[in-house]
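Asks: Please read through the structure below; I'll follow up with questions.
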Amino acid sequence: MTLAELPVETLSFRPEDETLRTEIRSWMKEHDPGAPPEEFEARLRALLRWQQDLHGAGFIGLSWPEKYGGSGLDLRAEAVFSEELAATGMPELINRIGVYMCGPTIMDFGDEGQAERYLRPMLDASESWCQGFSEPEAGSDLAAIRARGRVDGDRIIINGQKVWTSRAHIARRCACLVRTEPGSERHHGLSLVIVDMEDPGVNVVALPQMLGERHFNEVFLDDVEARVEDVIGGLGNGWKAAMQMLSYERGLFVLERQIRLRRALDELADQMIENGRAGDRGVREKLGAISADLELLKAQGYRTLAGQAAGSLPAGSTSIDKLHLSRVEQELFAVAIELLGPETALTYNQWTHDLLEGRSVSIYGGSTEIQLNIISKQLLGLGAKR
Amino acid sequence: MTTAIDEGVEMARSLDESLSRILNVEILLESACDDLPLPAALAETIAGLGLQGIAVAEDSGGLGLELGDRVRLAAVLGRRLVPAAVRNEAFGVAPALALAAPADARAAELLARLLDGGSSVGLALASREGGDLLAQMPEGAEALVVLDLDRITVFETAEGFPSVPLAGLDPGQGLRRVKPDSAEPVVTVIGERAARVRREFELALICEAFGSAERTLELSAEYADEREQFGRPISSFQAVGHLLAEMKLGLETSRAGIGRFVDLDGESHAPETEIEQWRATLAHSVPAAARRACEGAIQVHGGIGFSWELGLHLHYRRILADQYMLGGESASAEVIGSAYLDRREAA
């Protein structure tokens, strides 16, 4: 029984948060770079410059301690920033993996040396990060990691292959999950090692997704040399650190995503109004249902952030965020082309692009089936007595 | 602050325990069989719990509870399938009478006796389209409170009140069809405060559906771990585990939504339009998720889930009643969509 969780804690904004919102909003209005260039390299440069500008304005790392270059505020400030960023022409941070996932995990599990070496360059994106988790034989079953890290004095020699590694082609660092204890199995004997992507043994090969875009890569690791002092959380504690990092994948990301989806829904609504269909009952019902789902996604995002801030997030709870996000995202674009009709559905445009891209949401970061397993085991406790 | 929260949770737990002792499934089924109210002695025991004052301010003789506490208690009423009449009086009738009482002696008198467990008053929600009312009027009800979108109307019902009895899907509530135009109201209150009473009552329905559905999920998870087929507990089959996880998913996003609403309305005092949007969101999404969860519960239980004796149908009937008192899934979506498109058009 979970009466204590009704009403559940949520992120409650204070007047100072709203002041910050006004400040960020007016800055964004003046500095909004517009949509990034189509061409890939130009796009990367634009995104990099954008994060540098945001950093210059003092908006990156709002919740990070001041000693690491942050502003010493809390997750409310970070949420406000994410929401306002999502309303600009470039709603993503090129180094969001560093700032939102790897950085916080180093602060939780790493040591002062790692914090000194790696945190600040994440903020201005002078060092971009990626996550080396999935492997060809370790997808949904992440604990089947095979990449080996042989400890040799103060060095670790890494061999293996990673796959689906987002942004590896632009990353300077990789938080790489490898098996450092010979003969260990499953969750044991793993370590989360920081790898320098400029090491000559690292080979990054593009793996274009179904739209032909280069979001992720294969990463081949041949005698890559890393340092024992760069193991986050110490040798053998990789699983715990990796799980913590994955929990940071939700929260702010869901909040950002929710606003981008809201913008898409707004556009769809405006087209319905233009086409004189705003009075159709069916249109009103469909848009109403998606609007409600987006509001719940926001509420769930706030709840997760409140839990993260209080350190009271139950294991597995962010699977709710992930599943609900994937449902509403796929539904939104399916409804959009259904309402906009063949003219839209038969051409290549933002709607059909997003419809195709939406198929990834129920796969990346743990597929729908894995999330359902997590909910049934960790949140419902099924089989705990078996 | 923490103490207050703990006290509220403690109050809900203790109520939940008391109700679980008073209302077992056999008793509920017996009443449901003939669409009758609970036996008088039981109804008196429940009246003795003081639920009538849940949603009334202290200076009107109520408990003066915070919104968060009220939400939690509404969920407990759903968990334990407390008769609809009790919910109506606690969350609809009493706050409506409290609003009318300062200017009307009859309302004040009815309220005073209601809070002491000494009077019985029915309730109806006027639909957005108008027309006849489906009123829930317990046996011996001496008045009827009608909650319209921004209007509260109280009728005397003792003699010759124009109403026709109907069999209710959610049993024991004394459902009647009422033609309100043919009766003279005792008192009418119009305006924002009246609208608020209706909104709060709808929130109680939403939370009741949530609480009821959460109970069916608990029962289902326990059952799936105990029930063995093919030599192992059915929870070990992924098809069953995923069905339960889907139920949980709907209820957890609902929980997040209720939490956000309480923050906006109770703590942050957000603008009325924003609160209304949220209420509409919850009125659509929570009963729909609750219904899917309850349907999942029946499915997970298999044949016994469909039986009369297990009583899952009592939860299902209650949740369906809540959902359709709130307009139903499509109509509630249309309310949200219309408001949304109107806002876009105005912008």
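Here's how to read the names in the structure tokens: chain A, B, ... by the order shown, residue numbers from 1 in each chain, ligand numbers from 1 in the order shown.
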If you run DSSP over the backbone, which residues in stretch 167-323 of chain B end up strand (DSSP E)? Put them as a ChimeraX atom specification.

Replies: /B:175-178,185-190,228-229,232-233

Asks: Take the residues from that selection and write them out as a compact mmCIF listing (two decimals), in the first residue's frame, keeping C-alpha atoms.

Replies:
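The resulting file, selection-v8.txt, is shown below:
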# COMPACT_ATOMS: atom_id res chain seq x y z
CA LEU B 175 -30.06 5.84 -8.28
CA ARG B 176 -33.03 7.89 -9.52
CA ARG B 177 -33.88 9.88 -12.62
CA VAL B 178 -34.85 13.43 -11.65
CA PRO B 185 -35.16 24.68 -5.09
CA VAL B 186 -34.72 25.57 -1.44
CA VAL B 187 -31.53 27.47 -2.09
CA THR B 188 -29.17 28.22 -4.97
CA VAL B 189 -25.55 29.37 -4.82
CA ILE B 190 -23.90 30.63 -8.00
CA GLU B 228 0.47 -21.80 -10.11
CA GLN B 229 -0.07 -23.18 -13.62
CA ARG B 232 5.07 -22.37 -11.59
CA PRO B 233 3.54 -19.09 -10.40

Asks: Counting only C-alpha atoms, which residues of stretch 41-96 of chain B sit at most 8 Å from some atom of stretch 100-112 of chain B, and what is each one's closest atom pair with its distance in Å to one decimal, listed by chain and rising residue number, as a Markdown table?

Replies:
| residue | atom | partner | partner_atom | distance |
| --- | --- | --- | --- | --- |
| B:Gly61 | CA | B:Ala112 | CA | 7.7 |
| B:Ala94 | CA | B:Leu111 | CA | 6.2 |
| B:Ala96 | CA | B:Ala100 | CA | 6.4 |

Asks: Kindly export the residues of the current selection with N, CA and C atoms, as a short mmCIF file (atom, residue, chain, number, x, y, z; two decimals), in the first residue's frame.

Replies:
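Output contents, as saved in again34.cif:
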data_model
loop_
_atom_site.label_atom_id
_atom_site.label_comp_id
_atom_site.auth_asym_id
_atom_site.auth_seq_id
_atom_site.Cartn_x
_atom_site.Cartn_y
_atom_site.Cartn_z
N GLY B 61 -17.58 23.49 11.06
CA GLY B 61 -17.82 22.25 11.81
C GLY B 61 -17.16 21.03 11.21
N ALA B 94 -21.73 17.86 1.88
CA ALA B 94 -21.33 18.67 3.04
C ALA B 94 -20.67 19.98 2.62
N ALA B 96 -21.08 21.59 -0.13
CA ALA B 96 -22.10 22.43 -0.79
C ALA B 96 -22.99 23.08 0.26
#

Asks: Which residues are near stretch 324-333 of chain A? Cut-off 9 Å, only C-alpha atoms, ignore same chain within fewer than 6 positions. Put them as a list in words.

Replies: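 What passes the distance filter is Val254, Arg257, Gln258, Leu261, Ala264, Leu265, Leu287, Ile290, Asp293, Leu294, Leu296, Leu297, Gln300, Trp351, Thr352, Asp354, Leu355, Leu356, Gly358, Arg359, Ser360, Val361, Ser362, Ile363 and Thr368 of chain A; Leu249, Gly250 and Thr253 of chain B.
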
Asks: Output as an MDAnalysis selection string the set of chain B residues within 7 Å of chain A, with distances taken over only C-alpha atoms.

Replies: chainID B and resid 9 68 72 221 225 235:236 241:242 244:245 249 253 255:260 262:263 281 285 330 333:334 336:338 341 344:345

Asks: List every residue of stretch 170-305 of chain B that DSSP, applied to the backbone of this structure, assigns to alpha helix (DSSP H), and report them as a VMD selection string.

Replies: chain B and resid 192 to 226 238 to 262 272 to 301

Asks: Show me, as a PyMOL selection string, the residues that have an atom within 10 Å of A:Lys29 when counting only C-alpha atoms, minus same-chain residues fewer than 4 positions from it.

Replies: chain A and resi 24-25+33+84+87-88

Asks: Store the residues picked out above, limited to C-alpha atoms, as a short mmCIF file (atom, residue, chain, number, x, y, z; two decimals), in the first residue's frame.

Replies:
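New file selection_7.cif:
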data_model
loop_
_atom_site.label_atom_id
_atom_site.label_comp_id
_atom_site.auth_asym_id
_atom_site.auth_seq_id
_atom_site.Cartn_x
_atom_site.Cartn_y
_atom_site.Cartn_z
CA ILE A 24 16.80 32.69 -18.95
CA ARG A 25 13.80 33.31 -21.20
CA PRO A 33 20.39 30.69 -32.76
CA GLU A 84 13.45 27.17 -21.63
CA ALA A 87 11.66 26.34 -26.55
CA THR A 88 14.62 27.55 -28.65
#

Asks: Would you work out the distance separating atom CA of A:Thr318 from atom CA of A:Ser247, expressed in Å to one decimal?

Replies: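 Computing the Euclidean distance for atom CA of A:Thr318 and atom CA of A:Ser247 yields 6.7 Å.
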
Asks: Just give me the gap between atom CA of B:Thr216 and atom CA of B:Ala289 in Å, one decimal is fine.

Replies: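 Atom CA of B:Ala289 lies 12.3 Å from atom CA of B:Thr216.
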
Asks: Which residue, B:Ala47, B:Glu142, B:Leu67, B:Ala85, has the smallest gap to B:Leu264 when you use only C-alpha atoms?

Replies: B:Leu67

Asks: Using Å and a single decimal, report how far atom CA of A:Asp141 sits from atom CA of A:Asp223.

Replies: 24.8 Å

Asks: Given only C-alpha atoms as the basis, pick out the residue of A:Gln378, A:Glu213, A:Leu177, A:Glu39 nearest to A:Pro314.

Replies: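 Distance minimum relative to A:Pro314 lands on A:Gln378.
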